[in-house]
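**Student:** Quick one: this structure, given as structure tokens, is what I'll be asking you about.
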Amino acid sequence: MIIRYILILFCAFPVSLFAQESGKVWNLSLDTVVVRGNTYSRAVRNRADGSFVWDMQMMDYLPKILGNADPLHYAQMLPGIQTNNEMKSGINIQGCDNSHNMLSIGGVPIYNVSHLLGFFSTFNPSHYPTFTLHQNAPLSIGRIGGQLNMDLNEQVVDTMSGEVSVGLISSQGTLRLPISKNTSLTASLRGSYINMLYSKWLQADDQQIKYSFYDVNATLTHRIDSQNMLFADFYMGHDDISFSESNYYAKMKDFWGNTMGALHWVHQQPQGFRMKHSLYVTSYANEFKMDLQDAHFQLPSSITDYGYQSRFEWKRWEAGLQTLWHNIQPQELESSGTFNVTSGRMSRTHSFEAAVHLGYTQPLLSNLSLFGGLRASLYQQDDYHFKALDPQVNLQLSTLNFQLILDYALRHQYLFQTGFSNIGLPSEFWMSASEKMVPQYAHEWSLSAASYLFNRQYRLSADIFYKKLYHQLEYSGSVLDFINSTYNIERQLLHGDGRNYGFCLMLNKCSGPLTGWVSYTYTNAKRSFSAVQPGDYPASHERPHEFNAVATYALNSHWSFGATFVYASGTPFTAPVSISFIDNNLMMKYGPYNSSRLKPYKRLDLSANYKWKSRMFRENGINLSVYNAIAQSNELFYYIKSRKDGSFAYRPVTFMLRIMPSISYFCKF
């Protein structure tokens, strides 16, 4: 872009060209010079390491779910990322479980990002300039999957600005305020009021659900000098839900949320040396309560991390240090008014992680380079110690229009997540590695290729991946285990292995008024748990085939349009082969584990935006969106419903409404 501006300035004047030939000097004057170029979309960019960077301003042009443009929802439109059902939170990258991937703010992990029963995440898009998605976790991250990081704005704002959005179920606002010449504050707030207007949308089989949530973000940015920046970042978000289950005469309440505080120091030198130090605390807690006639149950769980991490970059070198203390309360039972007893109670655990990593990039040819890195980690819980060395090798070929990356890595992870359900309610909990649950690890191989086409107006990319997973963990029980039998978590924990492999293709239109992409992903995610059944079976989140399309069209300065389309294979589930009542007890015999599948998932979302300027605001706008415009009845899961005559039915549950139109107003000042 800078070169283009230099050429324009240079060509704006008559030009004299001097050539020496046989002692003669030739003068040539150009009266008119035309410089042509393409305007490239910066909405989704691919970095040299193969990661994606998504500009949050793109959210203004895409369909909004009930007035909310959710970053996690749109990250699932990228190749290699699985689309979730409406009541499923988290993210699955290249066939990995949700717990294998790190979701973070400024590099600080957030352990639950679910709002509205998993319908969208806790990330307020107006607070962050971009998010970065690594399909393979960076060398510094102790996860066997990938990472989605919400990037902090590293600029001090010099004028007050902000934006407000008012939707059907929630409203949100962001204020960017200069405090001094070198200090600014960015604060965001979002709150819901869905039960006030749309309580019928939260009904399932005539059972009313009451629900609310809120998010608070605050980032203080201070420029110490030209080479040093200081950031103080804070996030807090909570959800509150309650409903009654008439089939079991039960009343359920759940309250969960995250709190995070971090202090970051960034030092940048003109010669290219950069270092970042982060000191943080992040906490997630869940309080599930259930009243069943005269009995009362509570299933609290929590995880709190105290961490320090640093990263150094200089020329071809990168290095880092990480220390992390985990304070974890796995799910435990607190009951009264029942004969139930608790054995094998999971007490609070304290564990420690420390890791250092070092990497170096060695040029081999003019366009060929080799990266080699090593991460050494140490883990301790009580008397249990574990050490690991994780190598990573990356071979990269890069030219102006072509890129090829071959990657291998060994990765260890010391945290597990498990639970009896992942359909909206945060019933899953975290556990630390121990002598009985040895750390999980994975070998991964990937090959990526990308090429620009037609004068760089299009980008075609392809990826192939394979991951071999060891020491995986699953919970074999159900939500009513703690009611019907002696509660013992360890008896419900199963141990096994897994493997993921697949490929994805993506064609991205990079320039012009119409931009977007189409992608196809094939994923095979298998798990092997001998206690479940012999051989492999599909992972519960596996979608073998997935097609995504995203398009935005800018008609003029006022009107713009957006559309997204998803077609994905149905996820597996275990279906019963026989159901009967014996002495008023429901008896079920199940078929092979995860041998059945929900119907394929289909959804088309549409949006139209109209923007205008006014004296009070630099931009006003109205967003009209339609979620699931084709009114597809997508299945979420199957359940058993008892009838008044004593019979029962086994049928699928679908999301609230087949089609959801919404309108929202936003302004920027």
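All residue names refer to the structure tokens as shown: chains lettered A, B, ... in order, residues numbered from 1 in each chain, ligands numbered from 1 in order.
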Can you list, as number ranges by chain, every protein, DNA or RNA residue that comes within 7 Å of range 161-172 of chain A when you count only C-alpha atoms, leaving out same-chain residues fewer than 6 positions away?

**Tutor:** A: 66-67, 189-194, 662-669

**Student:** Between A:Leu453, A:Asn98, A:Phe119, A:Gly173, single out the one closest to Tyr74 in chain A, counting only C-alpha atoms.

**Tutor:**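 So, comparing all the options, the nearest one is A:Phe119.
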
**Student:** Quick one: pull the distance between CA of Gly359 in chain A and CA of Glu444 in chain A, Å, one decimal.

**Tutor:**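 That distance, rounded to one decimal, is 17.9 Å.
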
**Student:** In terms of the shortest atom-to-atom distance over only C-alpha atoms, which of A:Leu415, A:Leu368, A:Ala649, A:Leu220 is closest to Ser398 in chain A?

**Tutor:** A:Leu368

**Student:** Looking only at strand (DSSP E) from DSSP on the backbone, list the matching residues of range 158-281 of chain A as a PyMOL selection string.

**Tutor:** chain A and resi 161-166+170-180+183-192+203-204+207-225+228-245+250-268+274-281

**Student:** Got a sec: who's within 8 Å of Gly95 in chain A, counting only C-alpha atoms, leaving out chain neighbours fewer than 4 positions off, as a ChimeraX atom specification?

**Tutor:** /A:82,500-501,523-525,541-542

**Student:** Could you write out the selected residues, including C-alpha atoms, as a PDB file, in the first residue's frame?

**Tutor:**
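Dumped everything to part-v7.pdb:
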ATOM      1  CA  GLN A  82     -17.003 -27.819  13.219  1.00  0.00           C
ATOM      2  CA  ASN A 500      -8.661 -37.492  14.004  1.00  0.00           C
ATOM      3  CA  TYR A 501      -7.950 -37.116  10.328  1.00  0.00           C
ATOM      4  CA  THR A 523     -13.412 -34.944   9.418  1.00  0.00           C
ATOM      5  CA  ASN A 524     -13.108 -38.459  10.797  1.00  0.00           C
ATOM      6  CA  ALA A 525     -12.920 -38.372  14.618  1.00  0.00           C
ATOM      7  CA  HIS A 541     -19.127 -34.248  18.071  1.00  0.00           C
ATOM      8  CA  GLU A 542     -18.032 -35.807  14.758  1.00  0.00           C
TER       9      GLU A 542
END

**Student:** Restricting the calculation to only C-alpha atoms: of A:Ile328, A:Ala531, A:Val156, A:Leu505, which residue gets closest to His545 in chain A?

**Tutor:**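 The answer is A:Leu505, which sits nearest to His545 in chain A.
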
**Student:** Go through A:Val518, A:Ile303, A:Ala575, A:Ala218 one by one, measure the shortest atom-to-atom distance of each to Asn327 in chain A using only C-alpha atoms, and give the residue with the smallest value.

**Tutor:**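 Counting only C-alpha atoms, the residue closest to Asn327 in chain A is A:Ile303.
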
**Student:** Which of these, A:Ala554, A:Leu447, A:Leu72, A:Ala608, has the shortest distance to Thr515 in chain A once you count only C-alpha atoms?

**Tutor:**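 When distances to Thr515 in chain A are compared using only C-alpha atoms, the smallest one comes from A:Ala554.
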
**Student:** Fewer than 4 positions away in the same chain doesn't count, so skip those; otherwise give me all residues within 7 Å of range 590-592 of chain A, counting only C-alpha atoms, as a ChimeraX atom specification.

**Tutor:** /A:574-577

**Student:** Would you pick out the contacts of Ala551 in chain A at 9 Å or less, using only C-alpha atoms, so that residues sharing its chain but fewer than 2 positions from it are not included, and give the list as a PyMOL selection string?

**Tutor:** chain A and resi 62+514-518+549+553+561-564
